[in-house]
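Structure data follow from coords-v3.txt (compact mmCIF, C-alpha atoms):
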```txt
# COMPACT_ATOMS: atom_id res chain seq x y z
CA MET M 901 -9.14 36.62 -11.34
CA ASN M 902 -12.52 36.11 -9.69
CA PHE M 903 -12.53 32.44 -8.69
CA ARG M 904 -15.78 30.60 -8.01
CA SER M 905 -15.09 29.70 -4.39
CA VAL M 906 -17.42 28.04 -1.91
CA SER M 907 -17.27 26.68 1.64
CA ILE M 908 -18.92 23.28 2.12
CA PRO M 909 -19.92 22.20 5.67
CA ALA M 910 -18.05 18.90 5.64
CA GLN M 911 -17.57 16.69 8.68
CA ASN M 912 -15.10 18.05 11.26
CA VAL M 913 -14.25 21.27 9.42
CA PRO M 914 -15.53 23.07 6.28
CA PHE M 915 -14.07 22.17 2.89
CA LEU M 916 -13.03 25.22 0.87
CA LEU M 917 -13.56 24.57 -2.83
CA ASN M 918 -12.52 26.50 -5.93
CA LEU M 919 -14.81 25.31 -8.73
CA ASP M 920 -12.50 26.67 -11.41
CA ARG M 921 -9.83 24.20 -10.32
CA THR M 922 -12.09 21.25 -9.46
CA ALA M 923 -12.63 17.86 -11.06
CA LEU M 924 -15.34 15.29 -10.37
CA LEU M 925 -13.75 11.85 -10.14
CA ILE M 926 -16.13 8.93 -10.81
CA ILE M 927 -14.35 5.76 -9.77
CA ASP M 928 -15.06 2.37 -11.39
CA MET M 929 -18.80 2.70 -11.99
CA GLN M 930 -18.48 -0.08 -14.55
CA ASN M 931 -20.71 -2.99 -15.52
CA ASP M 932 -18.74 -5.72 -13.75
CA PHE M 933 -19.22 -3.94 -10.43
CA CYS M 934 -22.63 -2.29 -10.87
CA HIS M 935 -24.74 -4.25 -13.39
CA PRO M 936 -26.69 -7.36 -12.28
CA ALA M 937 -25.21 -9.29 -15.20
CA GLY M 938 -21.68 -8.17 -14.33
CA PHE M 939 -19.08 -10.34 -12.66
CA SER M 940 -19.78 -9.10 -9.13
CA GLY M 941 -23.52 -9.58 -9.36
CA ASN M 942 -23.69 -12.65 -11.59
CA GLU M 943 -20.59 -14.78 -10.95
CA LEU M 944 -19.78 -13.65 -7.41
CA GLU M 945 -23.45 -13.17 -6.46
CA PHE M 946 -22.71 -10.04 -4.43
CA ASN M 947 -25.62 -7.92 -3.23
CA LEU M 948 -25.69 -4.85 -5.50
CA THR M 949 -28.40 -2.96 -3.60
CA ALA M 950 -26.07 -0.38 -2.07
CA ILE M 951 -24.07 -0.03 -5.28
CA GLN M 952 -27.15 0.59 -7.41
CA SER M 953 -28.64 3.01 -4.87
CA ILE M 954 -25.90 5.59 -5.50
CA VAL M 955 -26.42 5.70 -9.28
CA PRO M 956 -29.19 8.37 -9.12
CA ASN M 957 -27.04 10.42 -6.73
CA ILE M 958 -24.09 10.34 -9.11
CA GLN M 959 -26.38 11.14 -12.04
CA LYS M 960 -27.51 14.29 -10.24
CA LEU M 961 -23.93 15.18 -9.35
CA LEU M 962 -22.80 14.57 -12.92
CA ALA M 963 -25.52 16.86 -14.28
CA TRP M 964 -24.45 19.52 -11.76
CA ALA M 965 -20.80 19.19 -12.79
CA ARG M 966 -21.59 19.50 -16.48
CA THR M 967 -23.81 22.53 -15.89
CA ASN M 968 -21.16 24.24 -13.79
CA ARG M 969 -18.19 23.49 -16.06
CA VAL M 970 -16.47 21.12 -13.65
CA LEU M 971 -14.05 18.69 -15.29
CA VAL M 972 -15.34 15.09 -15.20
CA VAL M 973 -12.92 12.16 -15.01
CA TYR M 974 -13.96 8.50 -15.06
CA THR M 975 -11.75 5.64 -13.98
CA LYS M 976 -12.14 1.98 -14.93
CA GLU M 977 -10.30 -0.82 -13.19
CA SER M 978 -9.10 -2.76 -16.22
CA HIS M 979 -6.04 -4.46 -17.64
CA LEU M 980 -4.42 -4.93 -21.02
CA PRO M 981 -5.77 -8.02 -22.84
CA ASP M 982 -2.48 -9.88 -22.34
CA LEU M 983 -2.55 -8.99 -18.61
CA SER M 984 1.01 -7.70 -18.85
CA ASP M 985 0.11 -4.87 -16.46
CA LEU M 986 -1.27 -7.26 -13.81
CA SER M 987 1.12 -7.45 -10.86
CA ALA M 988 1.88 -10.82 -9.31
CA SER M 989 0.53 -9.59 -5.99
CA LYS M 990 -2.81 -8.47 -7.43
CA LYS M 991 -3.09 -11.65 -9.51
CA LEU M 992 -2.73 -13.79 -6.38
CA ARG M 993 -5.03 -11.64 -4.24
CA TYR M 994 -7.85 -11.76 -6.78
CA GLU M 995 -7.43 -15.48 -7.26
CA ILE M 996 -7.72 -16.02 -3.50
CA ALA M 997 -10.83 -13.81 -3.48
CA GLY M 998 -12.45 -15.95 -6.17
CA SER M 999 -12.34 -13.30 -8.87
CA PRO M 1000 -9.27 -13.96 -11.04
CA VAL M 1001 -8.55 -11.13 -13.45
CA GLY M 1002 -9.26 -12.26 -17.02
CA THR M 1003 -11.86 -14.87 -16.06
CA VAL M 1004 -14.60 -15.15 -18.69
CA GLY M 1005 -17.97 -13.98 -17.35
CA LYS M 1006 -21.32 -13.03 -18.80
CA MET M 1007 -19.93 -9.64 -19.87
CA GLY M 1008 -16.61 -10.91 -21.21
CA ARG M 1009 -13.23 -11.25 -19.52
CA TYR M 1010 -13.23 -9.78 -16.01
CA LEU M 1011 -11.42 -6.44 -15.68
CA VAL M 1012 -9.98 -6.51 -19.18
CA GLN M 1013 -9.92 -3.41 -21.37
CA GLY M 1014 -12.39 -3.45 -24.26
CA GLU M 1015 -14.76 -5.92 -22.61
CA TRP M 1016 -18.33 -4.81 -21.91
CA GLY M 1017 -17.94 -5.59 -18.22
CA SER M 1018 -15.18 -2.99 -17.91
CA GLU M 1019 -17.19 -0.20 -19.53
CA VAL M 1020 -19.04 2.52 -17.60
CA ILE M 1021 -22.70 1.70 -16.91
CA ASP M 1022 -25.27 3.13 -19.32
CA GLU M 1023 -26.73 5.46 -16.69
CA LEU M 1024 -23.44 7.36 -16.37
CA GLN M 1025 -22.10 7.32 -19.90
CA PRO M 1026 -19.21 9.76 -20.44
CA LEU M 1027 -19.40 12.54 -22.99
CA ASP M 1028 -16.74 12.55 -25.72
CA SER M 1029 -15.18 15.59 -24.05
CA GLU M 1030 -14.80 13.85 -20.70
CA ILE M 1031 -11.76 11.89 -19.59
CA GLN M 1032 -11.59 8.13 -19.10
CA ILE M 1033 -8.64 6.51 -17.33
CA ASN M 1034 -7.92 2.76 -17.38
CA LYS M 1035 -6.22 1.84 -14.13
CA PRO M 1036 -4.50 -1.46 -13.24
CA ALA M 1037 -4.45 -0.86 -9.47
CA HIS M 1038 -6.82 0.25 -6.74
CA SER M 1039 -5.40 3.76 -6.70
CA ALA M 1040 -6.21 5.61 -9.89
CA PHE M 1041 -2.75 7.19 -9.78
CA VAL M 1042 -0.72 3.98 -10.06
CA ASN M 1043 0.68 3.44 -13.58
CA THR M 1044 -1.71 5.96 -15.16
CA ASP M 1045 -1.41 9.52 -16.44
CA LEU M 1046 -4.13 10.80 -14.10
CA GLU M 1047 -1.83 13.04 -12.05
CA SER M 1048 -0.28 14.70 -15.10
CA THR M 1049 -3.71 15.10 -16.70
CA LEU M 1050 -5.11 16.85 -13.64
CA HIS M 1051 -2.09 19.15 -13.47
CA ALA M 1052 -2.50 19.96 -17.17
CA TYR M 1053 -6.02 21.20 -16.38
CA GLU M 1054 -4.68 23.05 -13.30
CA ILE M 1055 -6.87 20.93 -11.02
CA ALA M 1056 -6.22 21.18 -7.27
CA TYR M 1057 -9.56 19.99 -5.85
CA LEU M 1058 -11.22 16.60 -6.30
CA LEU M 1059 -14.80 15.54 -5.62
CA ILE M 1060 -14.46 11.78 -5.18
CA THR M 1061 -17.23 9.25 -5.85
CA GLY M 1062 -17.73 5.65 -7.00
CA VAL M 1063 -17.05 2.09 -5.86
CA THR M 1064 -16.08 0.48 -3.72
CA THR M 1065 -15.64 2.87 -0.82
CA GLU M 1066 -13.16 0.78 1.15
CA CYS M 1067 -11.13 -0.33 -1.87
CA CYS M 1068 -10.54 1.81 -4.96
CA VAL M 1069 -12.29 4.92 -3.62
CA LEU M 1070 -10.30 5.03 -0.39
CA GLY M 1071 -7.09 3.98 -2.15
CA THR M 1072 -7.45 6.79 -4.67
CA TYR M 1073 -8.51 9.31 -2.02
CA ARG M 1074 -5.47 8.71 0.16
CA HIS M 1075 -3.07 8.68 -2.80
CA ALA M 1076 -4.54 11.95 -4.12
CA SER M 1077 -4.18 13.56 -0.70
CA ASP M 1078 -0.55 12.50 -0.49
CA LEU M 1079 0.03 14.04 -3.93
CA GLY M 1080 -1.27 17.36 -2.60
CA PHE M 1081 -4.81 17.46 -3.97
CA PHE M 1082 -7.63 18.77 -1.76
CA CYS M 1083 -10.14 15.91 -1.69
CA LEU M 1084 -13.80 15.78 -0.68
CA LEU M 1085 -15.40 12.35 -0.41
CA LEU M 1086 -19.15 12.52 -1.14
CA GLU M 1087 -20.51 9.76 1.08
CA ASP M 1088 -23.89 9.38 -0.65
CA CYS M 1089 -22.14 9.00 -4.02
CA CYS M 1090 -19.95 6.06 -3.07
CA ALA M 1091 -20.79 2.57 -1.84
CA ALA M 1092 -19.52 -0.88 -0.95
CA PHE M 1093 -21.11 -4.31 -1.28
CA GLU M 1094 -21.33 -4.43 2.52
CA LYS M 1095 -22.66 -1.52 4.59
CA ASN M 1096 -20.11 -1.98 7.36
CA GLU M 1097 -17.23 -1.74 4.88
CA HIS M 1098 -18.57 1.55 3.51
CA GLU M 1099 -19.00 2.93 7.01
CA ALA M 1100 -15.52 1.81 8.03
CA ALA M 1101 -13.98 3.63 5.06
CA ILE M 1102 -15.88 6.82 5.92
CA ALA M 1103 -14.64 6.50 9.49
CA VAL M 1104 -11.05 6.24 8.26
CA VAL M 1105 -11.31 9.50 6.32
CA THR M 1106 -12.89 11.38 9.24
CA ALA M 1107 -10.64 9.82 11.91
CA GLU M 1108 -8.47 11.91 14.23
CA ASN M 1109 -10.58 15.03 13.67
CA GLY M 1110 -10.16 14.79 9.91
CA VAL M 1111 -6.41 14.32 9.62
CA VAL M 1112 -6.99 12.08 6.59
CA GLY M 1113 -9.51 14.32 4.88
CA TRP M 1114 -13.02 15.63 4.33
CA VAL M 1115 -16.42 13.93 3.93
CA ALA M 1116 -19.74 15.53 3.00
CA HIS M 1117 -23.14 14.73 1.48
CA SER M 1118 -23.77 15.90 -2.09
CA SER M 1119 -26.75 17.94 -0.89
CA GLN M 1120 -24.33 20.02 1.19
CA LEU M 1121 -22.30 20.71 -1.92
CA PHE M 1122 -25.38 21.74 -3.92
CA GLN M 1123 -26.73 23.94 -1.13
CA ALA M 1124 -23.41 25.65 -0.52
CA CYS M 1125 -23.01 26.43 -4.21
CA GLU M 1126 -26.58 27.68 -4.52
CA THR M 1127 -26.26 30.05 -1.60
CA SER M 1128 -22.70 31.23 -2.25
CA LEU M 1129 -22.45 31.54 -6.02
CA GLN M 1130 -24.41 32.73 -8.96
CA ILE M 1131 -23.24 30.22 -11.56
```
Could you write out this file's structure as structure tokens?
Amino acid sequence: MNFRSVSIPAQNVPFLLNLDRTALLIIDMQNDFCHPAGFSGNELEFNLTAIQSIVPNIQKLLAWARTNRVLVVYTKESHLPDLSDLSASKKLRYEIAGSPVGTVGKMGRYLVQGEWGSEVIDELQPLDSEIQINKPAHSAFVNTDLESTLHAYEIAYLLITGVTTECCVLGTYRHASDLGFFCLLLEDCCAAFEKNEHEAAIAVVTAENGVVGWVAHSSQLFQACETSLQI
């Protein structure tokens, strides 16, 4: 079989990618984290500048993925309405942080399935054919069927994007790596509320000459594909 393979000049060492076994993972680009009227912007009054700045980058990446027949998977940090899937540890941590899960905000109950705040932002709306995963933890693999879904599609490579870099993005990245997936973090397609937290997460992935993983800019992905493949 003639695989669509490409070498991307990531930090430390190149990232070898097989597009026929690749998925684009868009992590938690939902209203409560990204929309000014969402819980983070409205109730918590976080600065959304960095978060909103990556939306056009992900839009471009999403269009590229759809054009090139790359599986697209969205995750949404969200809980069952009765909060039965909310661990005691997470419940306490979010209460201490001032963002209790289930709190009523402008967009409904915070991080609860079915509420507008937990839905993907309008700019990145999923197609009916694309996969959406509700996740109760920072890692998208905890108490979800994401791993089995990716295996069902014979996915081995993940392009990882979304928010926030130091929290759910990094948690998912490291979990995916430990499960054996080849992961590329696209640094211009993920963000944190604070610049230093984003930079720290990037530094973690590239630490020790890349022992944790690979980081690249989306433009490097596009250029590598343009020069290496006719797709």
Which residues are near stretch 914-919 of chain M? Cut-off 10 Å, all atoms listed in the file, ignore same chain within fewer than 4 positions. Put them as an mmCIF file with C-alpha atoms, keeping the file's coordinate frame.
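Produced file selection.cif, reproduced below:
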```cif
data_model
loop_
_atom_site.group_PDB
_atom_site.id
_atom_site.type_symbol
_atom_site.label_atom_id
_atom_site.label_comp_id
_atom_site.auth_asym_id
_atom_site.auth_seq_id
_atom_site.Cartn_x
_atom_site.Cartn_y
_atom_site.Cartn_z
ATOM 1 C CA PHE M 903 -12.530 32.440 -8.690
ATOM 2 C CA ARG M 904 -15.780 30.600 -8.010
ATOM 3 C CA SER M 905 -15.090 29.700 -4.390
ATOM 4 C CA VAL M 906 -17.420 28.040 -1.910
ATOM 5 C CA SER M 907 -17.270 26.680 1.640
ATOM 6 C CA ILE M 908 -18.920 23.280 2.120
ATOM 7 C CA PRO M 909 -19.920 22.200 5.670
ATOM 8 C CA ALA M 910 -18.050 18.900 5.640
ATOM 9 C CA ALA M 923 -12.630 17.860 -11.060
ATOM 10 C CA ALA M 965 -20.800 19.190 -12.790
ATOM 11 C CA ASN M 968 -21.160 24.240 -13.790
ATOM 12 C CA ARG M 969 -18.190 23.490 -16.060
ATOM 13 C CA VAL M 970 -16.470 21.120 -13.650
ATOM 14 C CA LEU M 971 -14.050 18.690 -15.290
ATOM 15 C CA ILE M 1055 -6.870 20.930 -11.020
ATOM 16 C CA ALA M 1056 -6.220 21.180 -7.270
ATOM 17 C CA TYR M 1057 -9.560 19.990 -5.850
ATOM 18 C CA LEU M 1058 -11.220 16.600 -6.300
ATOM 19 C CA LEU M 1059 -14.800 15.540 -5.620
ATOM 20 C CA PHE M 1082 -7.630 18.770 -1.760
ATOM 21 C CA CYS M 1083 -10.140 15.910 -1.690
ATOM 22 C CA LEU M 1084 -13.800 15.780 -0.680
ATOM 23 C CA GLY M 1113 -9.510 14.320 4.880
ATOM 24 C CA TRP M 1114 -13.020 15.630 4.330
ATOM 25 C CA VAL M 1115 -16.420 13.930 3.930
ATOM 26 C CA ALA M 1116 -19.740 15.530 3.000
ATOM 27 C CA LEU M 1121 -22.300 20.710 -1.920
ATOM 28 C CA CYS M 1125 -23.010 26.430 -4.210
#
```
Residues of stretch 901-996 of chain M within 10 Å of stretch 1093-1100 of chain M: nearest atom pair and distance (Å, one decimal) for each, counting all atoms listed in the file, sorted by chain and number, as a tab-separated table?
```
residue	atom	partner	partner_atom	distance
M:Phe933	CA	M:Phe1093	CA	9.4
M:Cys934	CA	M:Phe1093	CA	9.9
M:Ser940	CA	M:Phe1093	CA	9.3
M:Gly941	CA	M:Phe1093	CA	9.9
M:Phe946	CA	M:Phe1093	CA	6.7
M:Asn947	CA	M:Phe1093	CA	6.1
M:Leu948	CA	M:Phe1093	CA	6.3
M:Thr949	CA	M:Phe1093	CA	7.8
M:Ala950	CA	M:Phe1093	CA	6.4
M:Ile951	CA	M:Phe1093	CA	6.6
M:Gln952	CA	M:Phe1093	CA	9.9
```
For stretch 1007-1011 of chain M, work out the shell of residues within 12 Å, counting all atoms listed in the file and skipping chain neighbours fewer than 3 positions away, then give it as a PyMOL selection string.
chain M and resi 928+930-944+976-983+985-986+991+994-995+998-1004+1014-1020+1034-1037
Of the candidates M:Glu1030, M:Ser953, M:Asp1022, M:Glu1126, which shows the shortest atom-to-atom distance to M:Val1063, using all atoms listed in the file?
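Nearest candidate to M:Val1063 out of M:Glu1030, M:Ser953, M:Asp1022, M:Glu1126: M:Ser953.
Nearest to M:Tyr974 of all the residues M:Leu925, M:Cys1067, M:Leu1050, M:Val913 is M:Leu925, based on all atoms listed in the file.
Counting only C-alpha atoms, the residue from M:Glu1054, M:Gln911, M:Ile926, M:Ile1060 that sits nearest to M:Val1111 is M:Gln911.
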Name the closest residue to M:Val1104 among the candidates M:Arg1074, M:Asp1088, M:Gln1120, M:Lys960; distances are taken between atoms, counting all atoms listed in the file.
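Comparing M:Arg1074, M:Asp1088, M:Gln1120, M:Lys960 against M:Val1104, the winner is M:Arg1074.
Interatomic distance, atom CA of M:Ser1048 against atom CA of M:Thr922: 14.6 Å.
For the pair atom CA of M:Met929 and atom CA of M:Gly1062, the separation is 5.9 Å.
Taking atom CA of M:Ser1039 as the reference point, atom CA of M:Ala1052 is found at 19.5 Å.
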Missing atoms in stretch 1087-1101 of chain M: can you complete it with N, CA, C and O atoms, as a short mmCIF file (atom, residue, chain, number, x, y, z; two decimals), keeping the file's coordinate frame?
```
data_model
loop_
_atom_site.label_atom_id
_atom_site.label_comp_id
_atom_site.auth_asym_id
_atom_site.auth_seq_id
_atom_site.Cartn_x
_atom_site.Cartn_y
_atom_site.Cartn_z
N GLU M 1087 -20.16 11.06 0.51
CA GLU M 1087 -20.51 9.76 1.08
C GLU M 1087 -21.76 9.14 0.49
O GLU M 1087 -21.90 7.91 0.49
N ASP M 1088 -22.68 9.94 -0.04
CA ASP M 1088 -23.89 9.38 -0.65
C ASP M 1088 -23.68 9.04 -2.12
O ASP M 1088 -24.59 8.55 -2.78
N CYS M 1089 -22.47 9.29 -2.63
CA CYS M 1089 -22.14 9.00 -4.02
C CYS M 1089 -21.06 7.93 -4.12
O CYS M 1089 -20.42 7.79 -5.16
N CYS M 1090 -20.83 7.21 -3.04
CA CYS M 1090 -19.95 6.06 -3.07
C CYS M 1090 -20.57 4.94 -2.25
O CYS M 1090 -21.45 5.19 -1.42
N ALA M 1091 -20.17 3.71 -2.51
CA ALA M 1091 -20.79 2.57 -1.84
C ALA M 1091 -19.86 1.38 -1.87
O ALA M 1091 -18.90 1.32 -2.64
N ALA M 1092 -20.19 0.41 -0.99
CA ALA M 1092 -19.52 -0.88 -0.95
C ALA M 1092 -20.57 -1.97 -1.03
O ALA M 1092 -21.77 -1.70 -0.90
N PHE M 1093 -20.15 -3.20 -1.25
CA PHE M 1093 -21.11 -4.31 -1.28
C PHE M 1093 -21.68 -4.57 0.11
O PHE M 1093 -22.80 -5.05 0.24
N GLU M 1094 -20.89 -4.25 1.14
CA GLU M 1094 -21.33 -4.43 2.52
C GLU M 1094 -21.38 -3.07 3.22
O GLU M 1094 -20.42 -2.29 3.14
N LYS M 1095 -22.47 -2.81 3.93
CA LYS M 1095 -22.66 -1.52 4.59
C LYS M 1095 -21.55 -1.21 5.58
O LYS M 1095 -21.05 -0.08 5.65
N ASN M 1096 -21.14 -2.22 6.35
CA ASN M 1096 -20.11 -1.98 7.36
C ASN M 1096 -18.77 -1.59 6.74
O ASN M 1096 -18.00 -0.83 7.34
N GLU M 1097 -18.48 -2.09 5.54
CA GLU M 1097 -17.23 -1.74 4.88
C GLU M 1097 -17.25 -0.29 4.39
O GLU M 1097 -16.24 0.42 4.48
N HIS M 1098 -18.40 0.14 3.90
CA HIS M 1098 -18.57 1.55 3.51
C HIS M 1098 -18.40 2.45 4.72
O HIS M 1098 -17.65 3.45 4.68
N GLU M 1099 -19.07 2.11 5.80
CA GLU M 1099 -19.00 2.93 7.01
C GLU M 1099 -17.60 2.98 7.59
O GLU M 1099 -17.15 4.01 8.09
N ALA M 1100 -16.89 1.85 7.52
CA ALA M 1100 -15.52 1.81 8.03
C ALA M 1100 -14.61 2.74 7.22
O ALA M 1100 -13.74 3.43 7.79
N ALA M 1101 -14.80 2.76 5.91
CA ALA M 1101 -13.98 3.63 5.06
C ALA M 1101 -14.26 5.10 5.36
O ALA M 1101 -13.33 5.93 5.41
#
```
